[in-house]
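Participant: Have a look at the structure that comes next, please.
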Amino acid sequence: MLILFWGAIYLIGSLCAEDFLGVPLEVVEEVMDLGYNLDPRTPNLIEQIIVDYPESPLGLCLKAARLFRLDDYAEGSDTEISEQFQEASDLAIEAAKNYYNRNPQDHEARYALGMCELNLARYYIDHRRWFSGFFRATSGLGHLKAILKEHPDFHDAKMPLGVANCFLDKTPSYLKPLAALLRFSGDMELGLQQLKESETKGFLTRYESLYYQISVQWVLLGDQEAAREILDRFIERFPRNVDALSMRADLDRKTERFEEAFEGYQYILSIPEINYMGEMRDWVILHSGNLAIQLEKPELALEKGSVLLETVEPSDTELRAWAQMLYANALLHLGRRGEARVEFAKVKRRDNSKAFKASERILYEMDRDEE
């Protein structure tokens, strides 16, 4: 789960304000609406903000945030996007810092700087660059804590602090190095309260807060029904957000609502926004193929397995091994046992130990049945 800058901007003073950092509010809100729905017009709108409002850091911050999201969809596999994000993020932080230095009493400007730094911190953490993530996270969180100390009703600043409190209270294994560096124990109850207040009392954080509440309920607390309810509210507002749609289908699959999960994956594969997902698209195809077998549609499963074996790069051995399993399993369910046996034998331990063990088990069961 990720911090998008357009989901973390505080509306200056009250809703009657006319601009944020010199950019009209209606323009900022349009970026939020288009951005969460992954509308292809979003990047052009952001570039126009950069051109039309050169004194404002907002456009650069939005550009960096969008590239951060694309990098996440590609799961770090697209070097070009990663490099573009880092470059755009450095420019955004520099612009935000300069703006804040010129306006030291403007806590909204300080907020923009803190959020830009936290975006870059999350990128570093996702790529296991712990010390770089630590320094950016420390700086960004420090800005937000200082703002809330002076302005306790600045509810949008509570969202990233709520995320930190939740995830560092029940720390996932991949975040333990960062927790040790930050010496941050977290507070789940406080974190949930902060996330809820940013949703109900904040302005542009109200949607981003839903994203993080889903993750807290599902990943940290194991409450899948609570996660489902929050996720459905988000999808109702942004029905073409493929990341949220994918999470919904994953949740249905893991709670054995196989028909709903299959329909969800099929819908994702039918809309153009799927192109934003990078390698995640291949996993959607794989999951839908496995569900096709579960739902007694082996012909469709065979088709999906064939597509994956043709398109997945040989270097992605984990996914290719599972695609090989899908293809072989579809042949087995079609009654083509001889062909299936040959295809199961192609799964190698060195490529994916779990897939290899699964193939061995099926081959053993085939031998036993034939005896």
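Residue names in the structure tokens use chain letters A, B, ... in the order shown, residue numbers from 1 in each chain, and ligand numbers from 1 in the order shown.
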With a distance cut-off of 8 Å and only C-alpha atoms, select the neighbouring residues of region 26-43 of chain A, excluding the residue or stretch itself and same-chain residues fewer than 4 positions from it, and output the selection as number ranges by chain.
Facilitator: A: 6-7, 20, 47, 63, 66, 204, 238-241, 273, 276
Participant: Would you give me, as a PyMOL selection string, the residues in region 14-222 of chain A that DSSP reads as strand (DSSP E)?
Facilitator: chain A and resi 19-20+23-24
Participant: Kindly assemble as a tab-separated table a list of the region 200-285 of chain A residues that lie within 8 Å of region 150-163 of chain A, each paired with its nearest atom pair and their distance in Å to one decimal, using only C-alpha atoms, sorted first by chain and then by ascending residue number.
Facilitator:
residue	atom	partner	partner_atom	distance
A:Lys201	CA	A:His155	CA	6.2
A:Gly202	CA	A:Asp156	CA	4.9
A:Phe203	CA	A:Asp156	CA	7.0
A:Leu204	CA	A:Asp156	CA	7.4
A:Thr205	CA	A:Asp156	CA	5.7
A:Ser209	CA	A:Met159	CA	6.3
A:Tyr212	CA	A:Val163	CA	6.8
Participant: Here is a test: counting only C-alpha atoms, which residue of A:Glu343, A:Glu225, A:Arg110, A:Leu21 is nearest to Gly142 (chain A)?
Facilitator: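 Nearest candidate to Gly142 (chain A) out of A:Glu343, A:Glu225, A:Arg110, A:Leu21: A:Arg110.
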Participant: What does the distance between CA of Met325 (chain A) and CA of Phe344 (chain A) come to in Å, to one decimal place?
Facilitator: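 So the answer is 6.3 Å.
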Participant: Please provide as a PyMOL selection string all residues within 12 Å of Ala244 (chain A), with the sequence filter that same-chain residues fewer than 4 positions apart are discarded (counting only C-alpha atoms).
Facilitator: chain A and resi 1-2+36-38+73+207-208+210-212+214-215+227-228+230-240+248-251+264-265+268+273-274+277
Participant: Would you export the selected residues with C-alpha atoms as a PDB file, in the first residue's frame, please?
Facilitator:
ATOM      1  CA  MET A   1       0.000   0.000   0.000  1.00  0.00           C
ATOM      2  CA  LEU A   2       1.375   3.483  -1.127  1.00  0.00           C
ATOM      3  CA  TYR A  36      -7.279   7.297  -8.681  1.00  0.00           C
ATOM      4  CA  ASN A  37      -9.192   6.094 -11.737  1.00  0.00           C
ATOM      5  CA  LEU A  38      -5.906   5.806 -13.689  1.00  0.00           C
ATOM      6  CA  TYR A  73       2.616  -1.615 -10.559  1.00  0.00           C
ATOM      7  CA  TYR A 207      -9.616   8.276  -0.181  1.00  0.00           C
ATOM      8  CA  GLU A 208      -5.966   7.475   0.438  1.00  0.00           C
ATOM      9  CA  LEU A 210      -9.188   3.977   2.807  1.00  0.00           C
ATOM     10  CA  TYR A 211      -6.284   2.350   0.959  1.00  0.00           C
ATOM     11  CA  TYR A 212      -4.252   2.071   4.140  1.00  0.00           C
ATOM     12  CA  ILE A 214      -7.707  -1.920   3.896  1.00  0.00           C
ATOM     13  CA  SER A 215      -4.091  -2.995   4.309  1.00  0.00           C
ATOM     14  CA  ALA A 227     -11.073  -5.101   4.637  1.00  0.00           C
ATOM     15  CA  ARG A 228     -13.745  -6.107   2.109  1.00  0.00           C
ATOM     16  CA  ILE A 230     -13.596  -0.678   3.127  1.00  0.00           C
ATOM     17  CA  LEU A 231     -12.363  -1.904  -0.253  1.00  0.00           C
ATOM     18  CA  ASP A 232     -15.900  -1.902  -1.675  1.00  0.00           C
ATOM     19  CA  ARG A 233     -16.358   1.729  -0.591  1.00  0.00           C
ATOM     20  CA  PHE A 234     -13.158   2.668  -2.386  1.00  0.00           C
ATOM     21  CA  ILE A 235     -14.100   0.810  -5.583  1.00  0.00           C
ATOM     22  CA  GLU A 236     -17.551   2.393  -5.578  1.00  0.00           C
ATOM     23  CA  ARG A 237     -15.842   5.790  -5.766  1.00  0.00           C
ATOM     24  CA  PHE A 238     -13.087   4.719  -8.205  1.00  0.00           C
ATOM     25  CA  PRO A 239     -14.465   1.785 -10.227  1.00  0.00           C
ATOM     26  CA  ARG A 240     -11.548   1.647 -12.704  1.00  0.00           C
ATOM     27  CA  ARG A 248     -10.836  -7.316  -4.323  1.00  0.00           C
ATOM     28  CA  ALA A 249     -10.425 -10.362  -6.574  1.00  0.00           C
ATOM     29  CA  ASP A 250      -7.486 -11.594  -4.468  1.00  0.00           C
ATOM     30  CA  LEU A 251      -9.591 -11.262  -1.329  1.00  0.00           C
ATOM     31  CA  GLY A 264     -13.254  -9.931 -10.970  1.00  0.00           C
ATOM     32  CA  TYR A 265     -10.047 -11.053 -12.678  1.00  0.00           C
ATOM     33  CA  ILE A 268      -9.643  -6.485 -14.923  1.00  0.00           C
ATOM     34  CA  GLU A 273      -6.309   0.200 -17.323  1.00  0.00           C
ATOM     35  CA  ILE A 274      -4.773  -3.282 -17.080  1.00  0.00           C
ATOM     36  CA  MET A 277      -0.216  -3.096 -13.908  1.00  0.00           C
TER      37      MET A 277
END
Participant: Name the residues in contact with Leu220 (chain A) at a cut-off of 10 Å, using only C-alpha atoms, excluding same-chain residues fewer than 2 positions from it; report them as a ChimeraX atom specification.
Facilitator: /A:166-167,169-172,188,214-218,222-223
Participant: Please write the residues from the selection above to a file, keeping C-alpha atoms, as a tab-separated table (two decimals), in the first residue's frame.
Facilitator:
chain	number	residue	atom	x	y	z
A	166	CYS	CA	-0.15	0.74	12.56
A	167	PHE	CA	2.63	-0.90	10.56
A	169	ASP	CA	3.02	-1.74	15.97
A	170	LYS	CA	2.54	-5.11	14.24
A	171	THR	CA	5.66	-4.89	12.10
A	172	PRO	CA	5.75	-7.12	9.00
A	188	MET	CA	-2.23	0.36	16.57
A	214	ILE	CA	-7.71	-1.92	3.90
A	215	SER	CA	-4.09	-2.99	4.31
A	216	VAL	CA	-4.17	-2.67	8.10
A	217	GLN	CA	-7.34	-4.73	8.45
A	218	TRP	CA	-6.30	-7.40	5.96
A	222	GLY	CA	-6.42	-10.46	9.60
A	223	ASP	CA	-9.98	-9.11	9.46
